[in-house]
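Student: Questions regarding the structure given below will be posed in turn.
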Amino acid sequence: MCRMESKESEILMKTITTAEQFNELISGDQKILVKFYAGWCPDCTRMNMFIDPIIEEYSQYDWYELNRDELPEIADKYDVMGIPSLLIFQNGEKLAHLHSANAKTPQQVTEFLSAQQ
């Protein structure tokens with residue numbers, strides 16, 4: 001069952017692997033949401049356990065994840081000091097940022113997303 005949930009998450013949230021891919025994605029007209037994470041981060045793992053229904057509910061965003069340790073220059077540029085952090089981009093601009101301290105529960109994440117609408 002855990003494996004199935006993991007595969008489902010991968011489908012719902014695509015991975016950004018290069019700075020070029022990131023820059024191309026954020027420059028579009030479509031609002032995208034990027035989750036900054038790291039493999040060693042327990043709060044990131046916890047978020048993965050509750051994020052799928054939220055992704056489905058807020059499907060107006062294209063959802064991506066970016067490993068902060070693999071692309072630290074992007075995390076630095078957008079002031080991602082803690083993880084997990086959720087950032088919303090459109091037309092090359094950061095529109096919103098849910099900092100890690102406020103991204104610990106499903107309620108915090110949904111309140112953040114609701115405030116963006």
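Residue names in the structure tokens use chain letters A, B, ... in the order shown, residue numbers from 1 in each chain, and ligand numbers from 1 in the order shown.
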Where does DSSP see alpha helix (DSSP H) in chain A, if you list the residues as a PyMOL selection string?

Tutor: chain A and resi 2-12+19-26+42-57+72-77+106-115

Student: Could you give me, as a PyMOL selection string, the residues within 12 Å of A:Phe22, counting only C-alpha atoms and dropping anything in the same chain fewer than 2 positions from it?

Tutor: chain A and resi 14-20+24-28+32-36+64-67+71+73-75+89-90+92

Student: With C-alpha atoms retained, export the selected residues as a compact mmCIF listing (two decimals), in the first residue's frame.

Tutor:
```txt
# COMPACT_ATOMS: atom_id res chain seq x y z
CA LYS A 14 6.40 15.94 -11.14
CA THR A 15 10.10 16.36 -10.31
CA ILE A 16 12.23 19.29 -11.43
CA THR A 17 15.79 18.14 -12.05
CA THR A 18 17.54 21.09 -13.73
CA ALA A 19 17.69 24.86 -13.38
CA GLU A 20 16.71 25.16 -17.06
CA GLU A 24 11.08 27.29 -18.20
CA LEU A 25 8.24 26.07 -15.96
CA ILE A 26 7.98 29.21 -13.82
CA SER A 27 7.99 31.53 -16.82
CA GLY A 28 4.68 30.24 -18.19
CA ILE A 32 2.76 26.27 -10.80
CA LEU A 33 3.42 25.16 -7.27
CA VAL A 34 6.89 23.93 -6.35
CA LYS A 35 7.55 21.97 -3.19
CA PHE A 36 11.17 22.36 -2.06
CA TYR A 64 6.25 20.01 -8.93
CA GLU A 65 8.91 19.13 -6.41
CA LEU A 66 12.53 20.23 -6.33
CA ASN A 67 15.29 18.73 -4.21
CA LEU A 71 19.59 22.72 -6.89
CA GLU A 73 21.14 28.00 -6.17
CA ILE A 74 17.40 28.05 -6.89
CA ALA A 75 16.53 27.62 -3.21
CA PHE A 89 5.09 30.95 -9.52
CA GLN A 90 3.59 32.50 -12.65
CA GLY A 92 8.62 34.17 -13.87
```

Student: Using only C-alpha atoms, can you tell me which of A:Asn91, A:Thr110, A:Ser100, A:Gln21 comes closest to A:Ile55?

Tutor: A:Thr110

Student: What gap, in Å, lies between atom CA of A:Asn48 and atom CA of A:Pro72?

Tutor: 20.8 Å

Student: For the atom pair atom CA of A:Thr45 and atom CA of A:Val109, what is the interatomic distance in Å to one decimal place?

Tutor: 14.6 Å

Student: Please return, as a list in words, all residues of stretch 2-69 of chain A that DSSP assigns to strand (DSSP E or B) on the basis of the backbone.

Tutor: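 Going through stretch 2-69 of chain A, the strand (DSSP E or B) residues come out as Lys14, Thr15, Ile16, Ile32, Leu33, Val34, Lys35, Phe36, Tyr37, Asp62, Trp63, Tyr64, Glu65, Leu66 and Asn67 of chain A.
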
Student: Can you work out which one of A:Ser114, A:Lys104, A:Lys31, A:Arg46 has the shortest atom-to-atom distance to A:Ile88, counting only C-alpha atoms?

Tutor: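 Result for the nearest residue to A:Ile88: A:Lys31.
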
Student: Please measure the separation of atom CA of A:Gln60 and atom CA of A:Gln30, giving the value in Å to one decimal.

Tutor: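 It comes out at 8.6 Å.
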
Student: So which one's closest to A:Asp62, A:Ala96, A:Phe50, A:Leu12, A:Thr105? Using only C-alpha atoms, please.

Tutor: A:Leu12

Student: With only C-alpha atoms as the atoms that count, which of A:Ile83, A:Ile51, A:Ala115, A:Leu98 lies nearest to A:Tyr37?

Tutor: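 Answer, going by the shortest atom-to-atom distance: A:Ile83.
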